[in-house]
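Chemist: If it helps, the file is called final-v4.txt and holds compact mmCIF, N, CA and C atoms and all ligand atoms:
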# COMPACT_ATOMS: atom_id res chain seq x y z
N MET A 12 -35.39 43.49 -16.26
CA MET A 12 -35.42 44.92 -16.54
C MET A 12 -34.06 45.33 -17.09
N SER A 13 -34.11 46.17 -18.12
CA SER A 13 -32.85 46.62 -18.69
C SER A 13 -32.19 47.63 -17.76
N LYS A 14 -30.90 47.77 -17.91
CA LYS A 14 -30.15 48.66 -17.03
C LYS A 14 -30.56 50.11 -17.29
N PHE A 15 -30.82 50.83 -16.20
CA PHE A 15 -31.20 52.23 -16.30
C PHE A 15 -29.97 53.08 -16.54
N THR A 16 -30.10 54.02 -17.44
CA THR A 16 -29.05 55.01 -17.65
C THR A 16 -29.70 56.38 -17.80
N LEU A 17 -28.92 57.41 -17.60
CA LEU A 17 -29.44 58.76 -17.80
C LEU A 17 -29.75 59.00 -19.28
N ASP A 18 -29.01 58.34 -20.17
CA ASP A 18 -29.32 58.45 -21.59
C ASP A 18 -30.72 57.88 -21.89
N LYS A 19 -31.04 56.77 -21.25
CA LYS A 19 -32.37 56.16 -21.43
C LYS A 19 -33.46 57.08 -20.88
N LEU A 20 -33.20 57.68 -19.72
CA LEU A 20 -34.15 58.64 -19.16
C LEU A 20 -34.38 59.78 -20.15
N ARG A 21 -33.32 60.34 -20.69
CA ARG A 21 -33.44 61.47 -21.62
C ARG A 21 -34.27 61.07 -22.84
N GLU A 22 -33.95 59.92 -23.40
CA GLU A 22 -34.65 59.45 -24.60
C GLU A 22 -36.15 59.31 -24.35
N GLN A 23 -36.50 58.63 -23.29
CA GLN A 23 -37.91 58.37 -22.99
C GLN A 23 -38.62 59.61 -22.47
N ASN A 24 -37.90 60.42 -21.71
CA ASN A 24 -38.45 61.64 -21.13
C ASN A 24 -38.87 62.62 -22.24
N VAL A 25 -37.99 62.83 -23.19
CA VAL A 25 -38.27 63.78 -24.27
C VAL A 25 -39.34 63.22 -25.20
N ALA A 26 -39.30 61.93 -25.48
CA ALA A 26 -40.33 61.33 -26.33
C ALA A 26 -41.71 61.47 -25.68
N ARG A 27 -41.79 61.19 -24.40
CA ARG A 27 -43.08 61.31 -23.70
C ARG A 27 -43.52 62.76 -23.61
N LEU A 28 -42.57 63.64 -23.38
CA LEU A 28 -42.88 65.06 -23.31
C LEU A 28 -43.56 65.55 -24.58
N HIS A 29 -43.03 65.17 -25.72
CA HIS A 29 -43.62 65.60 -26.99
C HIS A 29 -44.97 64.94 -27.24
N ARG A 30 -45.13 63.72 -26.78
CA ARG A 30 -46.42 63.04 -26.92
C ARG A 30 -47.47 63.69 -26.02
N TRP A 31 -47.05 64.06 -24.82
CA TRP A 31 -47.97 64.53 -23.79
C TRP A 31 -48.35 66.00 -23.99
N HIS A 32 -47.36 66.82 -24.35
CA HIS A 32 -47.57 68.27 -24.41
C HIS A 32 -47.13 68.85 -25.74
N SER A 33 -47.44 68.18 -26.82
CA SER A 33 -46.89 68.58 -28.11
C SER A 33 -47.29 69.99 -28.53
N ASN A 34 -48.46 70.45 -28.11
CA ASN A 34 -48.93 71.76 -28.55
C ASN A 34 -48.36 72.93 -27.74
N GLU A 35 -47.92 72.65 -26.53
CA GLU A 35 -47.53 73.77 -25.67
C GLU A 35 -46.06 73.74 -25.26
N ILE A 36 -45.33 72.69 -25.65
CA ILE A 36 -43.99 72.54 -25.11
C ILE A 36 -43.03 73.63 -25.59
N ASP A 37 -43.27 74.17 -26.77
CA ASP A 37 -42.39 75.23 -27.25
C ASP A 37 -42.56 76.52 -26.45
N GLU A 38 -43.65 76.62 -25.71
CA GLU A 38 -43.89 77.82 -24.92
C GLU A 38 -43.17 77.78 -23.57
N TRP A 39 -42.70 76.60 -23.16
CA TRP A 39 -42.04 76.50 -21.86
C TRP A 39 -40.63 77.09 -21.95
N THR A 40 -40.30 77.91 -20.99
CA THR A 40 -38.98 78.52 -20.92
C THR A 40 -38.11 77.76 -19.93
N GLY A 41 -36.83 78.13 -19.87
CA GLY A 41 -35.95 77.55 -18.86
C GLY A 41 -36.48 77.80 -17.46
N ALA A 42 -37.06 78.99 -17.27
CA ALA A 42 -37.63 79.31 -15.95
C ALA A 42 -38.79 78.37 -15.62
N ASP A 43 -39.58 78.01 -16.62
CA ASP A 43 -40.69 77.07 -16.38
C ASP A 43 -40.15 75.70 -15.95
N TRP A 44 -39.13 75.22 -16.65
CA TRP A 44 -38.55 73.92 -16.28
C TRP A 44 -37.89 73.98 -14.92
N SER A 45 -37.22 75.08 -14.64
CA SER A 45 -36.59 75.24 -13.33
C SER A 45 -37.65 75.28 -12.22
N ASN A 46 -38.72 76.03 -12.47
CA ASN A 46 -39.79 76.10 -11.47
C ASN A 46 -40.44 74.74 -11.23
N ALA A 47 -40.63 73.98 -12.31
CA ALA A 47 -41.22 72.65 -12.16
C ALA A 47 -40.30 71.75 -11.34
N THR A 48 -39.01 71.84 -11.59
CA THR A 48 -38.03 71.05 -10.83
C THR A 48 -38.07 71.43 -9.36
N CYS A 49 -38.07 72.74 -9.11
CA CYS A 49 -38.09 73.20 -7.71
C CYS A 49 -39.42 72.89 -7.03
N GLY A 50 -40.51 72.88 -7.79
CA GLY A 50 -41.79 72.48 -7.23
C GLY A 50 -41.75 71.04 -6.73
N GLU A 51 -41.16 70.18 -7.54
CA GLU A 51 -41.02 68.78 -7.11
C GLU A 51 -40.08 68.67 -5.92
N ALA A 52 -39.02 69.49 -5.91
CA ALA A 52 -38.11 69.48 -4.76
C ALA A 52 -38.84 69.91 -3.50
N GLY A 53 -39.77 70.84 -3.63
CA GLY A 53 -40.59 71.24 -2.49
C GLY A 53 -41.47 70.11 -1.99
N GLU A 54 -42.06 69.37 -2.93
CA GLU A 54 -42.88 68.22 -2.55
C GLU A 54 -42.01 67.18 -1.84
N MET A 55 -40.81 66.99 -2.34
CA MET A 55 -39.86 66.06 -1.70
C MET A 55 -39.54 66.52 -0.27
N ALA A 56 -39.26 67.80 -0.12
CA ALA A 56 -38.92 68.33 1.20
C ALA A 56 -40.09 68.22 2.17
N ASN A 57 -41.31 68.36 1.67
CA ASN A 57 -42.47 68.22 2.53
C ASN A 57 -42.59 66.80 3.09
N VAL A 58 -42.26 65.82 2.26
CA VAL A 58 -42.28 64.43 2.75
C VAL A 58 -41.18 64.23 3.80
N VAL A 59 -40.01 64.79 3.53
CA VAL A 59 -38.92 64.67 4.50
C VAL A 59 -39.29 65.37 5.81
N LYS A 60 -40.00 66.48 5.71
CA LYS A 60 -40.47 67.19 6.92
C LYS A 60 -41.32 66.25 7.77
N LYS A 61 -42.19 65.49 7.11
CA LYS A 61 -43.06 64.57 7.85
C LYS A 61 -42.27 63.39 8.40
N LEU A 62 -41.28 62.91 7.65
CA LEU A 62 -40.42 61.86 8.18
C LEU A 62 -39.68 62.36 9.42
N ARG A 63 -39.22 63.60 9.35
CA ARG A 63 -38.48 64.18 10.48
C ARG A 63 -39.39 64.34 11.70
N ARG A 64 -40.64 64.71 11.45
CA ARG A 64 -41.58 64.80 12.58
C ARG A 64 -41.69 63.45 13.27
N GLY A 65 -41.73 62.38 12.46
CA GLY A 65 -41.80 61.05 13.05
C GLY A 65 -40.53 60.70 13.82
N GLU A 66 -39.39 61.11 13.31
CA GLU A 66 -38.11 60.83 13.98
C GLU A 66 -38.00 61.54 15.32
N THR A 67 -38.65 62.68 15.42
CA THR A 67 -38.53 63.48 16.64
C THR A 67 -39.72 63.34 17.58
N GLY A 68 -40.63 62.42 17.25
CA GLY A 68 -41.79 62.20 18.12
C GLY A 68 -42.86 63.25 17.98
N ALA A 69 -42.81 64.03 16.92
CA ALA A 69 -43.79 65.10 16.73
C ALA A 69 -44.74 64.79 15.58
N ARG A 70 -44.94 63.50 15.33
CA ARG A 70 -45.78 63.07 14.21
C ARG A 70 -47.21 63.57 14.40
N ASN A 71 -47.78 64.12 13.32
CA ASN A 71 -49.21 64.49 13.35
C ASN A 71 -50.06 63.25 13.15
N ASP A 72 -51.24 63.25 13.73
CA ASP A 72 -52.12 62.08 13.63
C ASP A 72 -52.46 61.73 12.19
N ASP A 73 -52.53 62.73 11.33
CA ASP A 73 -52.91 62.46 9.95
C ASP A 73 -51.71 62.26 9.02
N ASP A 74 -50.50 62.24 9.58
CA ASP A 74 -49.33 61.95 8.74
C ASP A 74 -49.38 60.50 8.28
N PRO A 75 -48.97 60.25 7.04
CA PRO A 75 -48.84 58.85 6.60
C PRO A 75 -47.84 58.09 7.48
N THR A 76 -47.91 56.79 7.40
CA THR A 76 -46.95 55.99 8.16
C THR A 76 -45.55 56.15 7.57
N GLU A 77 -44.57 55.75 8.35
CA GLU A 77 -43.18 55.87 7.89
C GLU A 77 -42.93 55.10 6.59
N PRO A 78 -43.40 53.86 6.46
CA PRO A 78 -43.22 53.19 5.16
C PRO A 78 -43.94 53.90 4.02
N GLU A 79 -45.13 54.44 4.30
CA GLU A 79 -45.83 55.21 3.26
C GLU A 79 -45.04 56.45 2.88
N LEU A 80 -44.48 57.12 3.87
CA LEU A 80 -43.69 58.32 3.59
C LEU A 80 -42.44 57.98 2.78
N ARG A 81 -41.80 56.86 3.09
CA ARG A 81 -40.61 56.48 2.31
C ARG A 81 -40.99 56.20 0.85
N ALA A 82 -42.12 55.58 0.64
CA ALA A 82 -42.59 55.35 -0.74
C ALA A 82 -42.91 56.67 -1.43
N MET A 83 -43.53 57.58 -0.69
CA MET A 83 -43.82 58.91 -1.25
C MET A 83 -42.52 59.65 -1.57
N LEU A 84 -41.53 59.50 -0.69
CA LEU A 84 -40.24 60.17 -0.91
C LEU A 84 -39.58 59.64 -2.19
N ALA A 85 -39.63 58.35 -2.39
CA ALA A 85 -39.05 57.77 -3.61
C ALA A 85 -39.71 58.38 -4.85
N ASP A 86 -41.03 58.53 -4.80
CA ASP A 86 -41.75 59.15 -5.94
C ASP A 86 -41.31 60.59 -6.15
N GLU A 87 -41.19 61.34 -5.07
CA GLU A 87 -40.83 62.76 -5.22
C GLU A 87 -39.38 62.92 -5.68
N ILE A 88 -38.48 62.08 -5.20
CA ILE A 88 -37.10 62.12 -5.68
C ILE A 88 -37.08 61.82 -7.18
N ALA A 89 -37.88 60.84 -7.58
CA ALA A 89 -37.96 60.51 -9.02
C ALA A 89 -38.51 61.70 -9.80
N ASP A 90 -39.54 62.36 -9.28
CA ASP A 90 -40.09 63.53 -9.96
C ASP A 90 -39.02 64.60 -10.15
N VAL A 91 -38.22 64.84 -9.11
CA VAL A 91 -37.13 65.83 -9.21
C VAL A 91 -36.17 65.43 -10.32
N ALA A 92 -35.77 64.17 -10.34
CA ALA A 92 -34.80 63.70 -11.35
C ALA A 92 -35.37 63.83 -12.76
N ILE A 93 -36.64 63.52 -12.90
CA ILE A 93 -37.28 63.59 -14.23
C ILE A 93 -37.33 65.04 -14.71
N TYR A 94 -37.75 65.95 -13.86
CA TYR A 94 -37.79 67.36 -14.27
C TYR A 94 -36.38 67.92 -14.42
N LEU A 95 -35.45 67.48 -13.59
CA LEU A 95 -34.07 67.95 -13.72
C LEU A 95 -33.50 67.57 -15.08
N ASP A 96 -33.82 66.37 -15.52
CA ASP A 96 -33.38 65.95 -16.86
C ASP A 96 -33.99 66.84 -17.93
N LEU A 97 -35.25 67.21 -17.77
CA LEU A 97 -35.90 68.07 -18.78
C LEU A 97 -35.35 69.49 -18.74
N LEU A 98 -34.99 69.95 -17.55
CA LEU A 98 -34.32 71.26 -17.45
C LEU A 98 -32.99 71.22 -18.19
N ALA A 99 -32.22 70.17 -17.97
CA ALA A 99 -30.94 70.02 -18.67
C ALA A 99 -31.17 69.91 -20.18
N TRP A 100 -32.19 69.15 -20.57
CA TRP A 100 -32.51 69.01 -22.00
C TRP A 100 -32.81 70.36 -22.63
N TYR A 101 -33.58 71.18 -21.92
CA TYR A 101 -33.96 72.49 -22.45
C TYR A 101 -32.72 73.31 -22.78
N TYR A 102 -31.72 73.23 -21.91
CA TYR A 102 -30.49 74.00 -22.12
C TYR A 102 -29.42 73.21 -22.86
N ASP A 103 -29.81 72.08 -23.47
CA ASP A 103 -28.90 71.26 -24.28
C ASP A 103 -27.69 70.81 -23.47
N ILE A 104 -27.96 70.38 -22.24
CA ILE A 104 -26.91 69.88 -21.35
C ILE A 104 -27.03 68.37 -21.26
N ASP A 105 -25.92 67.68 -21.48
CA ASP A 105 -25.88 66.23 -21.27
C ASP A 105 -25.74 66.01 -19.77
N LEU A 106 -26.82 65.55 -19.14
CA LEU A 106 -26.84 65.46 -17.68
C LEU A 106 -25.77 64.51 -17.15
N ALA A 107 -25.58 63.38 -17.82
CA ALA A 107 -24.55 62.44 -17.37
C ALA A 107 -23.18 63.08 -17.42
N GLU A 108 -22.87 63.73 -18.52
CA GLU A 108 -21.57 64.39 -18.63
C GLU A 108 -21.40 65.47 -17.58
N ALA A 109 -22.47 66.22 -17.33
CA ALA A 109 -22.40 67.29 -16.34
C ALA A 109 -22.15 66.73 -14.94
N ILE A 110 -22.82 65.65 -14.60
CA ILE A 110 -22.65 65.04 -13.28
C ILE A 110 -21.24 64.49 -13.13
N ILE A 111 -20.78 63.78 -14.14
CA ILE A 111 -19.43 63.21 -14.08
C ILE A 111 -18.39 64.32 -13.93
N SER A 112 -18.52 65.34 -14.74
CA SER A 112 -17.56 66.44 -14.70
C SER A 112 -17.55 67.14 -13.34
N LYS A 113 -18.73 67.46 -12.84
CA LYS A 113 -18.82 68.19 -11.57
C LYS A 113 -18.36 67.33 -10.41
N PHE A 114 -18.76 66.06 -10.40
CA PHE A 114 -18.36 65.15 -9.32
C PHE A 114 -16.85 65.03 -9.27
N ASP A 115 -16.24 64.81 -10.44
CA ASP A 115 -14.79 64.61 -10.48
C ASP A 115 -14.03 65.88 -10.10
N ARG A 116 -14.52 67.03 -10.55
CA ARG A 116 -13.85 68.29 -10.18
C ARG A 116 -13.94 68.54 -8.67
N THR A 117 -15.08 68.20 -8.07
CA THR A 117 -15.22 68.36 -6.62
C THR A 117 -14.29 67.41 -5.87
N SER A 118 -14.21 66.14 -6.32
CA SER A 118 -13.29 65.19 -5.69
C SER A 118 -11.85 65.69 -5.78
N GLU A 119 -11.50 66.18 -6.96
CA GLU A 119 -10.13 66.67 -7.16
C GLU A 119 -9.86 67.87 -6.26
N ARG A 120 -10.83 68.76 -6.17
CA ARG A 120 -10.66 69.98 -5.36
C ARG A 120 -10.41 69.66 -3.89
N TYR A 121 -11.11 68.62 -3.39
CA TYR A 121 -10.99 68.29 -1.97
C TYR A 121 -10.05 67.12 -1.71
N GLY A 122 -9.38 66.62 -2.74
CA GLY A 122 -8.38 65.57 -2.57
C GLY A 122 -8.95 64.18 -2.36
N PHE A 123 -10.16 63.93 -2.80
CA PHE A 123 -10.76 62.60 -2.67
C PHE A 123 -10.43 61.76 -3.89
N PRO A 124 -10.27 60.44 -3.72
CA PRO A 124 -9.91 59.59 -4.85
C PRO A 124 -11.09 59.20 -5.74
N GLU A 125 -12.30 59.36 -5.28
CA GLU A 125 -13.45 58.89 -6.05
C GLU A 125 -13.62 59.72 -7.33
N ARG A 126 -13.79 58.99 -8.42
CA ARG A 126 -14.00 59.63 -9.73
C ARG A 126 -15.08 58.85 -10.47
N LEU A 127 -15.98 59.55 -11.12
CA LEU A 127 -16.99 58.89 -11.95
C LEU A 127 -16.45 58.58 -13.34
N SER A 128 -15.54 59.38 -13.83
CA SER A 128 -15.04 59.18 -15.19
C SER A 128 -14.21 57.91 -15.32
N THR A 129 -13.69 57.41 -14.22
CA THR A 129 -12.84 56.22 -14.27
C THR A 129 -13.36 55.10 -13.39
N ALA A 130 -14.51 55.29 -12.74
CA ALA A 130 -15.03 54.31 -11.79
C ALA A 130 -15.49 53.05 -12.51
N SER A 131 -15.23 51.91 -11.88
CA SER A 131 -15.82 50.65 -12.35
C SER A 131 -16.68 50.11 -11.22
N ALA A 132 -17.59 49.23 -11.57
CA ALA A 132 -18.51 48.69 -10.57
C ALA A 132 -17.78 48.02 -9.42
N SER A 133 -16.64 47.42 -9.69
CA SER A 133 -15.92 46.69 -8.65
C SER A 133 -15.09 47.60 -7.76
N SER A 134 -14.96 48.88 -8.12
CA SER A 134 -14.13 49.77 -7.31
C SER A 134 -14.89 50.39 -6.15
N THR A 135 -16.20 50.21 -6.10
CA THR A 135 -16.99 50.80 -5.04
C THR A 135 -17.08 49.83 -3.87
N PRO A 136 -16.62 50.25 -2.67
CA PRO A 136 -16.75 49.36 -1.53
C PRO A 136 -18.21 49.11 -1.19
N ARG A 137 -18.53 47.89 -0.83
CA ARG A 137 -19.90 47.52 -0.47
C ARG A 137 -19.91 47.03 0.96
N SER A 138 -21.07 47.18 1.59
CA SER A 138 -21.17 46.79 2.99
C SER A 138 -22.28 45.78 3.22
N GLY A 139 -22.34 44.79 2.38
CA GLY A 139 -23.31 43.72 2.59
C GLY A 139 -24.59 43.90 1.82
N SER A 140 -24.92 45.10 1.42
CA SER A 140 -26.09 45.31 0.58
C SER A 140 -25.59 45.78 -0.77
N ASP A 141 -26.52 46.09 -1.65
CA ASP A 141 -26.10 46.55 -2.97
C ASP A 141 -25.93 48.07 -3.01
N GLN A 142 -26.06 48.73 -1.89
CA GLN A 142 -25.89 50.18 -1.83
C GLN A 142 -24.79 50.52 -0.84
N PRO A 143 -23.98 51.55 -1.16
CA PRO A 143 -23.01 52.01 -0.16
C PRO A 143 -23.75 52.47 1.08
N SER A 144 -23.13 52.30 2.25
CA SER A 144 -23.78 52.73 3.48
C SER A 144 -23.78 54.25 3.57
N ARG A 145 -24.72 54.77 4.33
CA ARG A 145 -24.81 56.20 4.52
C ARG A 145 -23.66 56.67 5.41
N PRO A 146 -23.24 57.93 5.26
CA PRO A 146 -22.18 58.45 6.13
C PRO A 146 -22.64 58.50 7.57
MG MG A 201 -44.34 65.15 -7.23
As a first step, turn the structure in this file into C-alpha cells.
Modeler:
Amino acid sequence: MSKFTLDKLREQNVARLHRWHSNEIDEWTGADWSNATCGEAGEMANVVKKLRRGETGARNDDDPTEPELRAMLADEIADVAIYLDLLAWYYDIDLAEAIISKFDRTSERYGFPERLSTASASSTPRSGSDQPSRP
C-alpha cells in the first residue's frame, strides 16, 4: 500500500465527490459541509458512548461487542476526517498546512518542543509498537 497523505486524501476525495454528486455539489454550502462533518462526529461520539458504557459496567444487552465498537469507531473517525477534508476543500484550505501551522503554534505557545514543520520519523519516541503510547 502506498503511503497515505492528506494530499492523497484531498485528491481522491474531491475526484470521488464530483463523480458521486456531480449535479448537486455546487449547491452545497460551507454550512452543509460543516453539518455533515458534525453529523459524523455525532456518530463517532455515539460509538464512544457505548464503549464507555462497557467500561463502566453499564453495557446494554443490544450494544455491539467491544471489538465491534472499536471497528465502528475507526469507521466513524474516518468519516469525520473525510468530511473535514471536504469542509477544508470548500473553503480552499490546505488541511495539512493548517494542521502543521496550528500544531506548531500551540506547541510554541505552551513551550513544548514538538513541531510538525520540522519533525522527522526518527524524532518521535516509540514504546515498542508503531504508535506513540496514550497519555
Ligand atoms: Mg458515519
Chemist: Given only N, CA and C atoms and all ligand atoms, how would the per-residue table for chain A near ligand MG 201 (chain A) read, listing every residue at most 8 Å away with its closest atom pair and distance in Å to one decimal, sorted by chain and number, as CSV?
Modeler:
residue,atom,partner,partner_atom,distance
A:Gly50,C,A:MG201,MG,6.5
A:Glu51,CA,A:MG201,MG,4.9
A:Ala52,N,A:MG201,MG,7.0
A:Gly53,C,A:MG201,MG,7.8
A:Glu54,CA,A:MG201,MG,5.8
A:Met55,N,A:MG201,MG,6.3
A:Asp86,C,A:MG201,MG,5.6
A:Glu87,CA,A:MG201,MG,4.7
A:Ile88,N,A:MG201,MG,6.9
A:Ala89,C,A:MG201,MG,7.2
A:Asp90,CA,A:MG201,MG,5.3
A:Val91,N,A:MG201,MG,6.4
Chemist: What's the 8 Å shell around A:Arg126, counting only C-alpha atoms, without same-chain residues fewer than 3 positions away, as number ranges by chain?
Modeler: A: 111, 114-115, 118, 129-130
Chemist: So which residues touch A:Arg21 within 8 Å, counting only C-alpha atoms, skipping near sequence neighbours fewer than 6 positions away, as a list in words?
Modeler: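 So, after excluding close chain neighbours, the residues are Asp96, Leu97 and Trp100 of chain A.
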Chemist: Provide the atom CA of A:Trp31 to atom N of A:Met83 distance in Å, to one decimal place.
Modeler: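 About the pair atom CA of A:Trp31 and atom N of A:Met83: they are 24.5 Å apart.
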Chemist: If we count only C-alpha atoms and set the cut-off at 9 Å, which residues sit around stretch 72-76 of chain A, ignoring sequence neighbours fewer than 4 positions away in its own chain? Please answer as a list in words.
Modeler: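 Skipping anything fewer than 4 positions along the chain leaves Lys61, Leu62, Gly65, Leu80 and Arg81 of chain A.
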Chemist: In Å, with one decimal, what is the gap from atom N of A:Asp103 to atom CA of A:Asp37?
Modeler: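 Between atom N of A:Asp103 and atom CA of A:Asp37 the gap works out to 13.5 Å.
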Chemist: Any idea what the distance is between atom N of A:Ala42 and atom CA of A:Tyr102?
Modeler: 9.6 Å
